[in-house]
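Engineer: my_file.tsv is reproduced in full below (TSV, C-alpha atoms).
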chain	number	residue	atom	x	y	z
A	1	MET	CA	0.00	0.00	0.00
A	2	GLY	CA	2.95	2.33	0.55
A	3	GLY	CA	3.29	2.85	-3.19
A	4	GLY	CA	-0.33	3.92	-3.69
A	5	ILE	CA	-2.22	7.13	-3.16
A	6	LEU	CA	-3.73	5.94	0.13
A	7	GLY	CA	-0.33	4.89	1.44
A	8	GLY	CA	1.17	8.26	0.56
A	9	ILE	CA	-1.60	10.18	2.28
A	10	ALA	CA	-1.45	7.98	5.36
A	11	GLY	CA	2.32	8.22	5.57
A	12	GLY	CA	2.30	11.98	5.19
A	13	LEU	CA	-0.37	12.56	7.80
A	14	LEU	CA	1.11	10.16	10.33
A	15	GLY	CA	4.59	11.52	9.76
A	16	GLY	CA	3.41	15.07	10.26
A	17	MET	CA	1.62	14.14	13.48
A	18	LEU	CA	4.72	12.36	14.77
A	19	PHE	CA	6.93	15.40	14.23
A	20	ARG	CA	4.40	17.68	15.87
A	21	SER	CA	4.08	15.32	18.83
A	22	LEU	CA	7.86	15.50	19.25
A	23	GLY	CA	7.65	19.26	19.55
A	24	MET	CA	9.22	20.00	16.17
A	25	SER	CA	6.36	22.29	15.18
A	26	GLY	CA	3.11	23.69	16.51
A	27	GLY	CA	-0.26	22.93	15.03
A	28	LEU	CA	-3.34	20.89	15.59
A	29	GLY	CA	-1.85	18.83	18.42
A	30	GLY	CA	-2.25	21.59	20.97
A	31	ALA	CA	-0.19	24.41	22.32
A	32	GLY	CA	3.48	24.04	21.45
A	33	GLY	CA	2.91	20.69	19.76
A	34	GLY	CA	3.11	18.85	23.07
A	35	GLY	CA	1.18	15.81	21.89
A	36	ILE	CA	-1.38	14.42	19.51
A	37	GLY	CA	-4.70	16.20	19.81
A	38	LEU	CA	-8.27	15.13	19.20
A	39	PHE	CA	-8.19	16.08	15.52
A	40	GLU	CA	-5.11	13.92	14.89
A	41	ILE	CA	-6.72	10.99	16.74
A	42	LEU	CA	-9.81	11.28	14.55
A	43	LEU	CA	-7.63	11.40	11.43
A	44	ILE	CA	-5.72	8.30	12.53
A	45	GLY	CA	-9.00	6.49	13.18
A	46	GLY	CA	-10.24	7.45	9.72
A	47	ILE	CA	-7.03	6.24	8.09
A	48	ILE	CA	-7.21	2.90	9.93
A	49	TYR	CA	-10.78	2.44	8.70
A	50	LEU	CA	-9.78	3.25	5.11
A	51	ILE	CA	-6.93	0.74	5.31
A	52	TYR	CA	-9.35	-1.93	6.61
A	53	ARG	CA	-11.76	-1.30	3.74
A	54	PHE	CA	-8.90	-1.31	1.22
A	55	ILE	CA	-7.56	-4.67	2.46
A	56	LYS	CA	-11.06	-6.19	2.44
A	57	ASN	CA	-11.70	-5.05	-1.13
A	58	LYS	CA	-8.31	-6.31	-2.30
A	59	ARG	CA	-9.06	-9.71	-0.77
A	60	GLN	CA	-12.30	-9.91	-2.66
A	61	ALA	CA	-10.83	-8.62	-5.93
A	62	THR	CA	-8.00	-11.17	-5.91
A	63	GLN	CA	-10.08	-14.14	-4.83
A	64	ALA	CA	-10.08	-15.57	-8.36
A	65	SER	CA	-6.30	-15.84	-8.49
A	66	GLN	CA	-5.93	-17.29	-5.00
A	67	ASN	CA	-8.67	-19.88	-4.58
A	68	ILE	CA	-8.80	-21.86	-7.83
A	69	TYR	CA	-8.10	-25.57	-7.33
A	70	PRO	CA	-7.64	-28.25	-10.02
A	71	MET	CA	-10.91	-30.14	-10.21
A	72	ASP	CA	-9.41	-33.61	-10.08
A	73	ASP	CA	-7.50	-32.67	-6.93
A	74	TYR	CA	-9.90	-30.66	-4.82
A	75	ARG	CA	-12.66	-33.24	-5.23
A	76	GLU	CA	-10.54	-36.10	-4.02
A	77	PRO	CA	-12.16	-37.35	-0.78
A	78	SER	CA	-8.95	-37.04	1.23
A	79	MET	CA	-8.72	-33.38	0.25
A	80	TYR	CA	-12.00	-32.73	2.04
A	81	GLN	CA	-10.65	-34.29	5.20
A	82	SER	CA	-7.38	-32.35	5.18
A	83	SER	CA	-8.66	-28.98	3.98
A	84	THR	CA	-7.78	-26.00	6.16
A	85	GLN	CA	-9.69	-23.44	4.09
A	86	GLU	CA	-11.61	-21.07	6.35
A	87	PRO	CA	-15.33	-21.13	5.52
A	88	ILE	CA	-17.02	-18.02	4.21
A	89	SER	CA	-20.04	-17.01	6.28
A	90	PRO	CA	-22.85	-14.58	5.51
A	91	THR	CA	-21.98	-10.99	6.35
A	92	GLU	CA	-24.05	-7.96	7.24
A	93	ASP	CA	-22.95	-6.43	3.94
A	94	MET	CA	-24.63	-9.11	1.80
A	95	ALA	CA	-27.99	-7.32	1.69
A	96	THR	CA	-26.20	-4.09	0.81
A	97	GLY	CA	-24.27	-5.84	-1.94
A	98	ILE	CA	-27.45	-7.25	-3.47
A	99	LEU	CA	-29.04	-3.79	-3.27
A	100	HIS	CA	-26.11	-2.34	-5.21
A	101	ILE	CA	-26.41	-5.09	-7.83
A	102	ARG	CA	-30.12	-4.31	-8.25
A	103	GLN	CA	-29.34	-0.64	-8.89
A	104	PHE	CA	-27.84	-1.69	-12.24
A	105	ASP	CA	-30.12	-4.70	-12.77
A	106	PRO	CA	-33.58	-4.07	-11.23
A	107	SER	CA	-34.75	-7.49	-12.45
A	108	PHE	CA	-32.15	-9.36	-10.36
A	109	ASP	CA	-33.77	-12.12	-8.34
A	110	GLU	CA	-31.88	-14.23	-5.78
A	111	GLN	CA	-33.74	-17.48	-6.44
A	112	ARG	CA	-33.42	-17.11	-10.21
A	113	PHE	CA	-29.70	-16.44	-9.75
A	114	CYS	CA	-29.33	-19.67	-7.72
A	115	ASP	CA	-31.06	-21.53	-10.56
A	116	GLN	CA	-28.57	-19.98	-13.00
A	117	VAL	CA	-25.69	-21.11	-10.79
A	118	LEU	CA	-27.05	-24.64	-10.89
A	119	ASP	CA	-27.19	-24.59	-14.69
A	120	ILE	CA	-23.65	-23.20	-14.89
A	121	PHE	CA	-22.48	-25.82	-12.41
A	122	PHE	CA	-23.73	-28.75	-14.52
A	123	LYS	CA	-22.43	-27.30	-17.80
A	124	ILE	CA	-18.96	-26.80	-16.37
A	125	GLN	CA	-18.94	-30.29	-14.81
A	126	SER	CA	-19.87	-31.79	-18.18
A	127	ALA	CA	-17.17	-29.82	-20.02
A	128	TRP	CA	-14.58	-30.86	-17.44
A	129	MET	CA	-15.45	-34.55	-17.64
A	130	ASN	CA	-15.33	-34.45	-21.46
A	131	ARG	CA	-11.97	-32.67	-21.25
A	132	ASP	CA	-13.30	-30.01	-23.61
A	133	LEU	CA	-13.97	-26.49	-22.26
A	134	LEU	CA	-15.31	-25.07	-25.52
A	135	PRO	CA	-19.02	-25.62	-24.68
A	136	ALA	CA	-18.55	-23.85	-21.34
A	137	GLY	CA	-16.03	-21.21	-22.43
A	138	ALA	CA	-18.46	-18.29	-22.09
A	139	LEU	CA	-19.17	-19.32	-18.49
A	140	LEU	CA	-15.54	-19.01	-17.34
A	141	THR	CA	-13.33	-16.00	-16.76
A	142	ILE	CA	-10.01	-15.98	-18.60
A	143	GLU	CA	-8.14	-16.88	-15.41
A	144	VAL	CA	-10.35	-19.90	-14.70
A	145	GLN	CA	-10.15	-21.04	-18.32
A	146	ARG	CA	-6.36	-20.96	-18.12
A	147	THR	CA	-6.32	-23.00	-14.92
A	148	PHE	CA	-8.76	-25.61	-16.21
A	149	LYS	CA	-6.97	-25.90	-19.56
A	150	ASP	CA	-3.69	-26.63	-17.78
A	151	ASP	CA	-5.35	-29.32	-15.67
A	152	ILE	CA	-7.09	-30.89	-18.67
A	153	ALA	CA	-3.81	-30.89	-20.61
A	154	ARG	CA	-2.20	-32.75	-17.72
A	155	LEU	CA	-5.01	-35.34	-17.68
A	156	LEU	CA	-4.66	-35.85	-21.44
A	157	THR	CA	-0.89	-36.26	-21.13
A	158	GLU	CA	-1.34	-38.80	-18.34
A	159	LYS	CA	-4.15	-40.52	-20.30
A	160	LYS	CA	-6.65	-40.13	-17.47
A	161	VAL	CA	-10.31	-39.18	-17.27
A	162	ASN	CA	-11.94	-37.69	-14.18
A	163	HIS	CA	-15.55	-38.96	-13.97
A	164	LEU	CA	-18.21	-36.99	-12.05
A	165	GLU	CA	-21.45	-38.97	-11.91
A	166	ASN	CA	-24.78	-39.21	-10.05
A	167	ILE	CA	-24.52	-35.58	-8.96
A	168	ALA	CA	-27.28	-34.71	-6.49
A	169	VAL	CA	-27.31	-31.01	-5.58
A	170	ARG	CA	-28.92	-30.47	-2.19
A	171	LYS	CA	-28.73	-26.70	-1.94
A	172	VAL	CA	-27.34	-23.56	-3.56
A	173	GLU	CA	-27.04	-20.66	-1.11
A	174	ILE	CA	-25.80	-17.08	-1.59
A	175	VAL	CA	-23.27	-16.19	1.12
A	176	GLU	CA	-21.57	-13.04	-0.21
A	177	ALA	CA	-22.47	-10.28	-2.66
A	178	TRP	CA	-20.62	-7.11	-3.54
A	179	GLN	CA	-19.79	-4.70	-6.35
A	180	GLU	CA	-16.30	-3.52	-7.25
A	181	SER	CA	-14.64	-1.73	-10.18
A	182	GLY	CA	-17.78	-1.95	-12.29
A	183	GLN	CA	-18.20	-5.70	-11.63
A	184	ASP	CA	-20.86	-7.66	-9.73
A	185	TYR	CA	-19.60	-10.51	-7.52
A	186	ILE	CA	-21.69	-13.17	-5.80
A	187	THR	CA	-20.36	-16.17	-3.87
A	188	THR	CA	-22.61	-19.20	-3.46
A	189	LEU	CA	-22.15	-22.27	-1.28
A	190	ILE	CA	-23.06	-25.44	-3.17
A	191	TYR	CA	-24.01	-28.60	-1.26
A	192	ALA	CA	-24.05	-31.84	-3.27
A	193	ASN	CA	-23.17	-35.54	-3.37
A	194	LEU	CA	-21.50	-37.23	-6.33
A	195	LEU	CA	-19.39	-40.14	-7.48
A	196	ASP	CA	-15.90	-38.84	-8.24
A	197	TYR	CA	-13.27	-41.15	-9.67
A	198	THR	CA	-10.43	-41.08	-12.19
A	199	ILE	CA	-9.68	-43.92	-14.58
A	200	ASP	CA	-6.65	-44.76	-16.69
A	201	ASP	CA	-7.52	-44.54	-20.39
A	202	THR	CA	-5.15	-47.37	-21.24
A	203	THR	CA	-6.14	-49.95	-18.65
A	204	GLY	CA	-9.63	-48.79	-17.69
A	205	GLN	CA	-8.67	-49.15	-14.02
A	206	VAL	CA	-9.75	-46.70	-11.31
A	207	VAL	CA	-6.65	-44.83	-10.14
A	208	LYS	CA	-8.36	-42.36	-7.79
A	209	GLY	CA	-11.70	-42.13	-6.03
A	210	SER	CA	-14.48	-44.70	-6.06
A	211	LYS	CA	-17.26	-45.78	-8.42
A	212	THR	CA	-19.48	-46.78	-5.52
A	213	GLU	CA	-18.74	-44.45	-2.58
A	214	PRO	CA	-20.30	-40.99	-2.99
A	215	VAL	CA	-18.35	-37.89	-2.03
A	216	LYS	CA	-19.83	-35.04	-0.02
A	217	PHE	CA	-19.42	-31.86	-2.03
A	218	GLU	CA	-19.32	-28.45	-0.34
A	219	GLU	CA	-17.68	-25.64	-2.26
A	220	TYR	CA	-17.85	-21.90	-2.72
A	221	TRP	CA	-18.34	-20.77	-6.31
A	222	THR	CA	-17.86	-17.05	-6.96
A	223	LEU	CA	-19.41	-15.65	-10.12
A	224	THR	CA	-18.84	-12.24	-11.65
A	225	ARG	CA	-20.16	-10.10	-14.48
A	226	PRO	CA	-19.99	-6.48	-15.67
A	227	ALA	CA	-22.55	-4.57	-13.58
A	228	GLY	CA	-25.99	-4.86	-15.17
A	229	ASN	CA	-28.01	-7.62	-16.81
A	230	ASN	CA	-25.00	-9.47	-18.28
A	231	GLN	CA	-23.70	-13.04	-18.47
A	232	TRP	CA	-22.35	-14.47	-15.21
A	233	GLN	CA	-18.96	-16.22	-15.29
A	234	LEU	CA	-17.20	-18.45	-12.79
A	235	SER	CA	-14.25	-16.54	-11.31
A	236	ALA	CA	-13.22	-18.64	-8.29
A	237	ILE	CA	-13.72	-21.98	-6.54
A	238	SER	CA	-12.72	-22.67	-2.95
A	239	GLN	CA	-13.47	-25.45	-0.50
A	240	LYS	CA	-15.52	-25.11	2.63
Please re-express this file's structure in structure tokens.
Structural biologist:
Amino acid sequence: MGGGILGGIAGGLLGGMLFRSLGMSGGLGGAGGGGIGLFEILLIGGIIYLIYRFIKNKRQATQASQNIYPMDDYREPSMYQSSTQEPISPTEDMATGILHIRQFDPSFDEQRFCDQVLDIFFKIQSAWMNRDLLPAGALLTIEVQRTFKDDIARLLTEKKVNHLENIAVRKVEIVEAWQESGQDYITTLIYANLLDYTIDDTTGQVVKGSKTEPVKFEEYWTLTRPAGNNQWQLSAISQK
């Protein structure tokens, strides 16, 4: 942050207050600059709040690059057991985020959005299992496409196929919603069961997972779009 506008302002203000508090000049800190006054304290509080908001927004904006996992890895049953990913929980800002989204898309409906997420979910699963992202290309951001293409290329090189079958979605729930830099973002928690196994193309043998033991599926899918009534795209996946 030190290289940005906010960092420069914060550094300048805090530096000035420090010098005044050391008696190097008079000013807002009180007579003779004997200490930090009420005005400086309020400024420091405001700067701390701005830094908090900045960090929160940066976390959300970079979620796509931090939380994408290869599909054939993050769905392995043992990965569920060993995951240390902190769960996302509903926040007080979710209602505000949805309100902001509706300002640019008055027709936005939460239940209809969850239905759209379900459709996107199945289309992406199908494209992944067929090792061909072309049918689902419009549903993926460039970053996610790049990640999935690398994983699919690895599966093709290793002559393996990751099968996702008997998918039973129990619930799709919105847990976060916000708007940033002209983009809408919504994170949903998807609950489902499925059979997840990988076979060797050459031998037909199962090399990972099970054809008979279903896997409990709980993941956060974050979708984004340009603000307004536009196409949603998958921008991040993370485990609960």
Engineer: Rank nothing, just name the residue among A:Met129, A:Leu155, A:Ile47, A:Ile142 nearest to Asp196 in chain A, using only C-alpha atoms.
Structural biologist: A:Met129
Engineer: Let me make sure I understand: among A:Arg102, A:Arg154, A:Arg131, A:Arg170, which one has the smallest atom-to-atom distance to Leu118 in chain A if we use all atoms listed in the file?
Structural biologist: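 Looking at the shortest contact to Leu118 in chain A, the residue is A:Arg170.
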Engineer: For Ser107 in chain A, which residue out of A:Asn229, A:Ser235, A:Glu176, A:Ala192 is the nearest one, using all atoms listed in the file?
Structural biologist: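 Using all atoms listed in the file, the shortest distance to Ser107 in chain A belongs to A:Asn229.
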Engineer: Please identify all polymer residues within 8 Å of range 207-211 of chain A, counting all atoms listed in the file, omitting same-chain residues fewer than 2 positions from it, and present them as a count of residues only.
Structural biologist: 11
Engineer: Find the distance between CA of Ala136 in chain A and CA of Gln231 in chain A and write it in Å to one decimal.
Structural biologist: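 CA of Gln231 in chain A lies 12.3 Å from CA of Ala136 in chain A.
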Engineer: Hey, what's within 12 Å of Leu156 in chain A if we count all atoms listed in the file and toss same-chain stuff fewer than 4 positions away? As a PyMOL selection string, please?
Structural biologist: chain A and resi 128-132+149-152+160-162+199-202
Engineer: Check the smallest atom-to-atom distance from each of A:Arg53, A:Phe148, A:Leu140, A:Gln233 to Gln116 in chain A using only C-alpha atoms, then report the winner.
Structural biologist: A:Gln233
Engineer: Have a look at CA of Tyr52 in chain A and CA of Gln239 in chain A and let me know their distance in Å, one decimal.
Structural biologist: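 We find that CA of Tyr52 in chain A and CA of Gln239 in chain A lie 24.9 Å from each other.
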Engineer: Mind pulling up the distance from CA of Asn230 in chain A to CA of Ile167 in chain A?
Structural biologist: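 It comes out at 27.7 Å.
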Engineer: Might you pull out every residue within 12 Å of Glu110 in chain A, with only C-alpha atoms counted and same-chain residues fewer than 2 positions away left off, and present them as a PyMOL selection string?
Structural biologist: chain A and resi 94-95+97-99+101-102+105-108+112-117+172-177+186-188
Engineer: Within 8 Å of (-17.8, -27.0, 0.4), in the coordinates the file gives, what residues turn up when you count only C-alpha atoms, written out as a PyMOL selection string?
Structural biologist: chain A and resi 189-191+217-220+238-240
Engineer: Which is closer to Trp178 in chain A than all the others in A:Leu133, A:Leu223, A:Leu43, A:Ala127, using only C-alpha atoms?
Structural biologist: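 Result for the nearest residue to Trp178 in chain A: A:Leu223.
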Engineer: Starting from the incomplete input, reconstruct N, CA and C atoms of range 222-240 of chain A and write that as a JSON list (two decimals), keeping the file's coordinate frame.
Structural biologist:
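Result went into rebuild_7.json, see below:
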[["chain", "number", "residue", "atom", "x", "y", "z"],
["A", 222, "THR", "N", -17.67, -18.50, -6.80],
["A", 222, "THR", "CA", -17.86, -17.05, -6.96],
["A", 222, "THR", "C", -18.04, -16.75, -8.44],
["A", 223, "LEU", "N", -19.13, -16.05, -8.75],
["A", 223, "LEU", "CA", -19.41, -15.65, -10.12],
["A", 223, "LEU", "C", -19.33, -14.14, -10.24],
["A", 224, "THR", "N", -18.97, -13.67, -11.41],
["A", 224, "THR", "CA", -18.84, -12.24, -11.65],
["A", 224, "THR", "C", -19.41, -11.89, -13.02],
["A", 225, "ARG", "N", -19.69, -10.61, -13.20],
["A", 225, "ARG", "CA", -20.16, -10.10, -14.48],
["A", 225, "ARG", "C", -19.98, -8.58, -14.48],
["A", 226, "PRO", "N", -19.93, -7.93, -15.65],
["A", 226, "PRO", "CA", -19.99, -6.48, -15.67],
["A", 226, "PRO", "C", -21.34, -6.04, -15.08],
["A", 227, "ALA", "N", -21.33, -5.00, -14.25],
["A", 227, "ALA", "CA", -22.55, -4.57, -13.58],
["A", 227, "ALA", "C", -23.68, -4.37, -14.59],
["A", 228, "GLY", "N", -24.84, -4.92, -14.27],
["A", 228, "GLY", "CA", -25.99, -4.86, -15.17],
["A", 228, "GLY", "C", -26.46, -6.25, -15.53],
["A", 229, "ASN", "N", -27.43, -6.33, -16.42],
["A", 229, "ASN", "CA", -28.01, -7.62, -16.81],
["A", 229, "ASN", "C", -27.12, -8.30, -17.85],
["A", 230, "ASN", "N", -25.99, -8.85, -17.40],
["A", 230, "ASN", "CA", -25.00, -9.47, -18.28],
["A", 230, "ASN", "C", -24.76, -10.93, -17.88],
["A", 231, "GLN", "N", -23.98, -11.63, -18.70],
["A", 231, "GLN", "CA", -23.70, -13.04, -18.47],
["A", 231, "GLN", "C", -22.79, -13.22, -17.25],
["A", 232, "TRP", "N", -23.18, -14.13, -16.35],
["A", 232, "TRP", "CA", -22.35, -14.47, -15.21],
["A", 232, "TRP", "C", -21.27, -15.45, -15.64],
["A", 233, "GLN", "N", -20.07, -15.31, -15.02],
["A", 233, "GLN", "CA", -18.96, -16.22, -15.29],
["A", 233, "GLN", "C", -18.35, -16.69, -13.97],
["A", 234, "LEU", "N", -17.89, -17.91, -13.95],
["A", 234, "LEU", "CA", -17.20, -18.45, -12.79],
["A", 234, "LEU", "C", -15.84, -17.80, -12.68],
["A", 235, "SER", "N", -15.54, -17.22, -11.49],
["A", 235, "SER", "CA", -14.25, -16.54, -11.31],
["A", 235, "SER", "C", -13.41, -17.18, -10.22],
["A", 236, "ALA", "N", -14.01, -18.02, -9.35],
["A", 236, "ALA", "CA", -13.22, -18.64, -8.29],
["A", 236, "ALA", "C", -13.96, -19.83, -7.72],
["A", 237, "ILE", "N", -13.18, -20.83, -7.26],
["A", 237, "ILE", "CA", -13.72, -21.98, -6.54],
["A", 237, "ILE", "C", -12.86, -22.18, -5.30],
["A", 238, "SER", "N", -13.48, -22.36, -4.16],
["A", 238, "SER", "CA", -12.72, -22.67, -2.95],
["A", 238, "SER", "C", -13.52, -23.66, -2.12],
["A", 239, "GLN", "N", -12.82, -24.44, -1.33],
["A", 239, "GLN", "CA", -13.47, -25.45, -0.50],
["A", 239, "GLN", "C", -13.99, -24.86, 0.78],
["A", 240, "LYS", "N", -15.05, -25.47, 1.30],
["A", 240, "LYS", "CA", -15.52, -25.11, 2.63],
["A", 240, "LYS", "C", -14.60, -25.75, 3.64]]
